[in-house]
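Written out below as structure tokens is the structure these notes cover.
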Amino acid sequence: MYWRIGGVEQLELGLNVDSRTSTGRQRPRSSTYSGIAPPLTSPTTISPPPANLSNAETPAIRRWVQSPCTQLLAGIGTHGVYLWNVRPFALLSSLTYDTCEFGDMVDIVWAPGRDVVFVVLAHGYIYEVAVQRREPVLEYAFATQHYYARGPGEEHGIIGQSLVQQRTYRLPLGTEDAVVCAGAGPKHMLIATCAKVYRVTWTGALAGSIDIDSVYTGAPIVQLAALDDEELFVFGDGTVRIASAGSVRALGTGSTTCVAYSAIAGMVAVGTSEGAVELYGCTDSGLEHVAHAEFQHGHSAVAALRWTGDGAAVASAHKSGHVVVRSALGYELNVTQIAEPAEYLAWTGMRLVAVAARRAAVLGFARAGSGGLCLHTDDKVMVHLNGAWRVDHAPTSVINGGVCVAAAGDGGVAVAGTRGMAVRLGGRWRTARAADALECTALAWSGSHVVAACVDHARDGAAQLMFWVPRSLDLPVESVELDAPAAAVSAHGAVVMAVSTRGVLHEIVAVAADTALHVTRRRTVDLAAAGIDPRRVRAVHWVPGAQAARAVVLVMEGTRLRVVANGSVRDVGRAEYVTVSGVNVGGMHSAVWWFDGSRLAAALVSLDDFMAGGAHALAAERARMHVAADFYPLAIATERGAVEGIDQDAAGGPCSGLAQLPVRARLFLHAVLALMLRTAEADALMYAACFEHRACFSPAMEMLLHDALEHDELPRTLRLLASFDTFDDIVVHAARTVEAAAWPRLFAEIGGGAARVFARCLRRGRLRTAAQCLLIVHTMEPPSVAERCILALLAQAAKTQDRDLCVDVLRFLRRTAAADSATHAIYARLLQSAH
């Protein structure tokens, strides 16, 4: 997830103009569709804006597009194409046209996986414009912010780029037809005119067309998007239609202003004129509505939408100037209001660029890592320890190009990027040997070892899973060859799992013995053959089970949480965060946790489930636990029995520093035990015993008893509590937090009344608990019994010379003496004896 860090940086679109681009005229090569002749002339002039271009002279940009590598932005004016470097923000090149015989420029799309943009003109002409690399145009090294050093195949600083037109294509338009918009897809681009939508391949071939009247006739088309197997059309009246395999169906409520699609997440975001964002998820049968995210900052239409590169979050720009970042399932992470409303959004690394007509605002973010409360920016890593954030600057060899992944564990933190890996342990950074040759795609901690999924450029791009000892990163202690670079890695005790970009699951067992590490490959599973889309795998986890020969795997495919067992796939639900936590060696007494954008759910793995392999714990008919959280969960702190996360709204807007993000926690132990008590009391007893000597135990048991009083589940709850020495403390403390009307039912179920509990506390030396029980005894028992209890407690306090307790008992007598004759008499006798 993504949280705002620092202030807002304002940039002018004409900043840092490269004045060294050559000028001249070039006649582009032409080709046609269906034998239609190209125009006789297509004059172009390749020239950059002058170096002294002022803001007033910067042309207004009509349409924007971001490169697949996210480092470049291209835009079009009426008769010009412009190219910017995003970080740092600099105008690199422009391509201007001194004639407009083919109509104004209407839209621009970027070819996936290629350094080519296609500019679409109103009269149906398409310019293919190449983005060509040149020598560096700016060298810089900012030690506290960014540091760009030499890496494999790269030079110092920003690589120069030039725009060069290569070909011109022409659509077979009628005389009354004109292009209105265009869109990009994985296989082809879509170009909409007043009458048709044309499919054009990225090599310039016409792949087909569809009549707009067959889709919708109520308004002109304003936006296009190509999904995997479907095409999405947005019309001027807010109507959305999806065309697939000859069928057309409606989407949304008719107030749509813009849409954005994330192929990685398999999600479609739809902005509305009311400011809300509707979220749809891809399924085997099409799109399904997943969440409705309301705009909570007034009434303002959505002007632009943009998914992050990993599909974990979506940003929306509103007409009011607000920029809202939400998780993939609609949880609002943060909101920022900028001076000029944005028309286009672009993510690059940990920065969001909000582009207006003549300037851009840049917002910095920190992203969640793995292994607890761990965040990272492009050049820093943050770990929450002992109630405070610790901020460390990552080594320059790793941040060169940006920190890609971070993971905390075993008292240290590991970071990795496109050029290496480093571990901070014992107050210092250690960098992996030959770091420049390693491109790390995923990290995890397995006990005291760091597991890194790497591409070794020194070995012709070999994909490996490397195991490192953090205190000595000269060479990995073990490595396992993978079929392709890993998309996700997780470690559960000795079990390490890695999913490659080809969809192959590698299950590995790593056992530490003395100073050695023994690594063996247990099995490989073809998840792609089972129906998992490899490009959408964001996380993989082992569901604890005793049957090693039949592993059960939990895969997060985009936002779909799916279980793979015995070659079959079953959906669990939608999730954007998933983890497995256990409190016993071997994975017994575990829980599978996931966050669905509004609440945290858990499926408990009972002993029976564990022995059967673990799959039954995630069956649809099984009862699940839900924990309401008013913050975004990031970690399950099992040793503290709590869910931990971040709530940036509590900070009152964007944070002024990295160490200001507020951390929240909520106990979950009582909710786990309540669910276990309803299914298997023996499991609940063994689970609770794992926490008996931890600080969270007593508060959680009191909450459990409090909930049992409200839901008439006292008998089995008291049976559980009676197994522990702190039973009386828990009962008394919980009783003091509920209404007195519930006391008779509670103590009747216990048996012997409140006086018996008081006597037991006195006998065991729990005088403070006995003192808290006095009010209950005074309320429920006869005066003679209450008198004996008070005098017995005073005598015991005097015997142990506990002066503070004696004062507390006398204070209690004084408060109750006015309304009760028995305590009044005791208080009077004590005063008389004192005199």
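In the structure tokens, chains take letters A, B, ... by order of appearance, with residues numbered from 1 within each chain and ligands from 1 in the order shown.
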
Taking only stretch 239-454 of chain A into account, list the residues labelled helix (DSSP H, G or I) by DSSP (computed from the backbone), as a VMD selection string.
chain A and resid 396 to 399 435 to 437

May I have the residues from that selection written out with N, CA and C atoms, as a tab-separated table (two decimals), in the first residue's frame?
chain	number	residue	atom	x	y	z
A	396	THR	N	23.67	3.40	-1.71
A	396	THR	CA	23.54	3.98	-3.05
A	396	THR	C	23.58	2.91	-4.14
A	397	SER	N	24.29	1.82	-3.90
A	397	SER	CA	24.36	0.78	-4.93
A	397	SER	C	23.03	0.11	-5.15
A	398	VAL	N	22.14	0.17	-4.14
A	398	VAL	CA	20.83	-0.47	-4.25
A	398	VAL	C	19.78	0.51	-4.73
A	399	ILE	N	19.82	1.75	-4.22
A	399	ILE	CA	18.78	2.71	-4.58
A	399	ILE	C	18.99	3.27	-5.97
A	435	ALA	N	26.92	-6.80	-6.40
A	435	ALA	CA	25.54	-6.33	-6.36
A	435	ALA	C	25.05	-5.81	-7.70
A	436	ASP	N	25.94	-5.21	-8.47
A	436	ASP	CA	25.51	-4.64	-9.75
A	436	ASP	C	24.96	-5.70	-10.70
A	437	ALA	N	25.37	-6.94	-10.51
A	437	ALA	CA	24.93	-7.99	-11.42
A	437	ALA	C	23.64	-8.65	-11.00

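Excluding stretch 747-755 of chain A itself and any same-chain residue fewer than 4 positions from it, the protein and nucleic acid residues within 10 Å of it, counting only C-alpha atoms, are Leu714, Pro715, Leu718, Arg719, Ala722, Val731, Val732, Ala735, Ala742, Trp743, Ala759, Arg760, Cys761, Ala770, Cys773, Leu774, Leu775, Ile776, Val777, His778, Thr779, Met780, Glu781, Pro782, Val785, Ala786, Arg788 and Cys789 of chain A.
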
Would you give me, as an NGL selection string, the residues in stretch 361-606 of chain A that DSSP reads as strand (DSSP E)?
:A and (361-368 or 374-376 or 380-385 or 388-393 or 403-409 or 412-417 or 420-425 or 428-431 or 438-446 or 449-456 or 462-468 or 478-481 or 486-492 or 495-500 or 504-513 or 516-526 or 537-542 or 552-557 or 560-565 or 568-574 or 577-582 or 590-595 or 600-605)

Please list as a ChimeraX atom specification every residue within 12 Å of stretch 499-506 of chain A, counting only C-alpha atoms and excluding residues in the same chain fewer than 5 positions away.
/A:441-442,453-455,463-465,480-491,520-542,551-557,564,567

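With only C-alpha atoms as the basis for measurement, A:Leu634 is the residue among A:Leu634, A:Leu746, A:Val8, A:Leu473 that approaches A:Leu373 most closely.
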
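If you count only C-alpha atoms and ignore residues fewer than 6 places along the chain from A:Gly183, what sits within 10 Å of it is Asp107, Ile108, Val109, Trp110, Met189, Leu190, Ile191, Ala192, Arg199, Gln223, Leu224, Ala225, Ala226, Glu231, Leu232 and Phe233 of chain A.
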
Please identify all polymer residues within 8 Å of stretch 207-222 of chain A, counting only C-alpha atoms, omitting same-chain residues fewer than 2 positions from it, and present them as a list in words.
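My reading of the contact set: Val180, Cys181, Ala192, Cys194, Ala195, Lys196, Val197, Tyr198, Arg199, Val200, Thr201, Ala205, Leu224, Phe233, Val234, Phe235, Gly236, Asp237, Arg241, Ala243 and Val248 of chain A.
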
Written file, previous selection with N, CA, C and O atoms, as an mmCIF file, in the first residue's frame:
data_model
loop_
_atom_site.group_PDB
_atom_site.id
_atom_site.type_symbol
_atom_site.label_atom_id
_atom_site.label_comp_id
_atom_site.auth_asym_id
_atom_site.auth_seq_id
_atom_site.Cartn_x
_atom_site.Cartn_y
_atom_site.Cartn_z
ATOM 1 N N VAL A 180 -12.376 10.715 -32.810
ATOM 2 C CA VAL A 180 -12.710 11.422 -31.572
ATOM 3 C C VAL A 180 -11.827 11.015 -30.404
ATOM 4 O O VAL A 180 -11.593 11.801 -29.481
ATOM 5 N N CYS A 181 -11.332 9.767 -30.374
ATOM 6 C CA CYS A 181 -10.468 9.342 -29.276
ATOM 7 C C CYS A 181 -9.804 8.026 -29.648
ATOM 8 O O CYS A 181 -10.139 7.401 -30.662
ATOM 9 N N ALA A 192 -11.508 5.400 -32.193
ATOM 10 C CA ALA A 192 -12.939 5.638 -32.361
ATOM 11 C C ALA A 192 -13.179 6.868 -33.218
ATOM 12 O O ALA A 192 -12.555 7.918 -33.025
ATOM 13 N N CYS A 194 -16.670 8.949 -35.298
ATOM 14 C CA CYS A 194 -18.086 9.200 -35.011
ATOM 15 C C CYS A 194 -18.948 7.984 -35.326
ATOM 16 O O CYS A 194 -20.026 7.815 -34.739
ATOM 17 N N ALA A 195 -18.480 7.137 -36.243
ATOM 18 C CA ALA A 195 -19.310 6.029 -36.701
ATOM 19 C C ALA A 195 -18.770 4.661 -36.325
ATOM 20 O O ALA A 195 -19.552 3.722 -36.150
ATOM 21 N N LYS A 196 -17.453 4.510 -36.203
ATOM 22 C CA LYS A 196 -16.870 3.185 -36.000
ATOM 23 C C LYS A 196 -15.774 3.223 -34.944
ATOM 24 O O LYS A 196 -15.248 4.291 -34.615
ATOM 25 N N VAL A 197 -15.437 2.021 -34.472
ATOM 26 C CA VAL A 197 -14.242 1.815 -33.658
ATOM 27 C C VAL A 197 -13.353 0.847 -34.426
ATOM 28 O O VAL A 197 -13.769 -0.278 -34.740
ATOM 29 N N TYR A 198 -12.139 1.286 -34.751
ATOM 30 C CA TYR A 198 -11.202 0.479 -35.528
ATOM 31 C C TYR A 198 -10.197 -0.192 -34.593
ATOM 32 O O TYR A 198 -9.704 0.438 -33.643
ATOM 33 N N ARG A 199 -9.872 -1.435 -34.897
ATOM 34 C CA ARG A 199 -8.809 -2.147 -34.199
ATOM 35 C C ARG A 199 -7.581 -2.164 -35.106
ATOM 36 O O ARG A 199 -7.621 -2.691 -36.212
ATOM 37 N N VAL A 200 -6.498 -1.594 -34.599
ATOM 38 C CA VAL A 200 -5.262 -1.482 -35.370
ATOM 39 C C VAL A 200 -4.146 -2.144 -34.573
ATOM 40 O O VAL A 200 -3.911 -1.793 -33.416
ATOM 41 N N THR A 201 -3.470 -3.100 -35.191
ATOM 42 C CA THR A 201 -2.378 -3.783 -34.504
ATOM 43 C C THR A 201 -1.199 -2.830 -34.344
ATOM 44 O O THR A 201 -1.118 -1.788 -34.997
ATOM 45 N N ALA A 205 -1.380 -2.921 -38.923
ATOM 46 C CA ALA A 205 -2.385 -3.636 -39.712
ATOM 47 C C ALA A 205 -3.777 -3.376 -39.145
ATOM 48 O O ALA A 205 -3.967 -3.300 -37.940
ATOM 49 N N LEU A 224 -11.895 4.993 -24.639
ATOM 50 C CA LEU A 224 -11.815 3.580 -25.001
ATOM 51 C C LEU A 224 -10.814 2.886 -24.093
ATOM 52 O O LEU A 224 -9.850 3.501 -23.627
ATOM 53 N N PHE A 233 -16.190 0.908 -23.621
ATOM 54 C CA PHE A 233 -16.481 2.178 -24.276
ATOM 55 C C PHE A 233 -17.201 3.101 -23.289
ATOM 56 O O PHE A 233 -18.165 2.698 -22.639
ATOM 57 N N VAL A 234 -16.711 4.340 -23.193
ATOM 58 C CA VAL A 234 -17.343 5.358 -22.352
ATOM 59 C C VAL A 234 -17.936 6.419 -23.270
ATOM 60 O O VAL A 234 -17.250 6.928 -24.167
ATOM 61 N N PHE A 235 -19.189 6.770 -23.024
ATOM 62 C CA PHE A 235 -19.887 7.740 -23.867
ATOM 63 C C PHE A 235 -20.099 9.054 -23.119
ATOM 64 O O PHE A 235 -19.977 9.119 -21.882
ATOM 65 N N GLY A 236 -20.421 10.086 -23.883
ATOM 66 C CA GLY A 236 -20.497 11.433 -23.344
ATOM 67 C C GLY A 236 -21.542 11.637 -22.273
ATOM 68 O O GLY A 236 -21.424 12.552 -21.459
ATOM 69 N N ASP A 237 -22.586 10.812 -22.232
ATOM 70 C CA ASP A 237 -23.611 10.965 -21.202
ATOM 71 C C ASP A 237 -23.327 10.120 -19.964
ATOM 72 O O ASP A 237 -24.183 9.979 -19.094
ATOM 73 N N ARG A 241 -20.314 0.820 -21.892
ATOM 74 C CA ARG A 241 -20.680 -0.448 -22.502
ATOM 75 C C ARG A 241 -19.424 -1.315 -22.650
ATOM 76 O O ARG A 241 -18.336 -0.807 -22.920
ATOM 77 N N ALA A 243 -18.044 -4.634 -24.784
ATOM 78 C CA ALA A 243 -18.291 -5.517 -25.916
ATOM 79 C C ALA A 243 -17.361 -6.711 -25.817
ATOM 80 O O ALA A 243 -16.153 -6.563 -25.599
ATOM 81 N N VAL A 248 -22.941 -7.198 -26.088
ATOM 82 C CA VAL A 248 -22.718 -5.889 -25.477
ATOM 83 C C VAL A 248 -23.541 -5.824 -24.192
ATOM 84 O O VAL A 248 -24.720 -6.190 -24.187
#

Can you list, as a PyMOL selection string, every protein, DNA or RNA residue that comes within 10 Å of stretch 297-299 of chain A when you count only C-alpha atoms, leaving out same-chain residues fewer than 5 positions away?
chain A and resi 273-276+318-320+322+324+335

Could you take the residues named above and write them with C-alpha atoms, as a compact mmCIF listing (two decimals), in the first residue's frame?
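Everything below was put into out.txt:
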# COMPACT_ATOMS: atom_id res chain seq x y z
CA SER A 273 -19.53 12.70 -11.82
CA GLU A 274 -20.45 12.47 -8.11
CA GLY A 275 -16.81 11.80 -7.19
CA ALA A 276 -17.21 8.13 -6.31
CA HIS A 318 -11.01 15.38 -8.86
CA LYS A 319 -12.19 18.68 -10.30
CA SER A 320 -11.83 20.25 -6.84
CA HIS A 322 -8.23 16.61 -4.50
CA VAL A 324 -7.24 10.48 -3.46
CA VAL A 335 -6.06 12.47 0.27

Suppose you want the space between atom CA of A:Gln796 and atom CA of A:Ser784; what is it in Å?
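Calculated distance between atom CA of A:Gln796 and atom CA of A:Ser784 is 18.5 Å.
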
Surrounding residues of A:Arg624 excluding itself and chain neighbours under 2 positions, 9 Å, only C-alpha atoms, as a ChimeraX atom specification
/A:601-604,618,622,626,675

Please measure the separation of atom CA of A:Thr203 and atom CA of A:Ala130, giving the value in Å to one decimal.
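Result for atom CA of A:Thr203 versus atom CA of A:Ala130: 12.9 Å, one decimal.
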
Check the smallest atom-to-atom distance from each of A:Gly597, A:Pro662, A:Gly286, A:Gly204 to A:Ala245 using only C-alpha atoms, then report the winner.
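Looking only at the distances to A:Ala245, the closest residue turns out to be A:Gly286.
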
Counting only C-alpha atoms, the residue of A:Leu791, A:Val413, A:Val543, A:Leu363 that sits nearest A:Val451
A:Val413
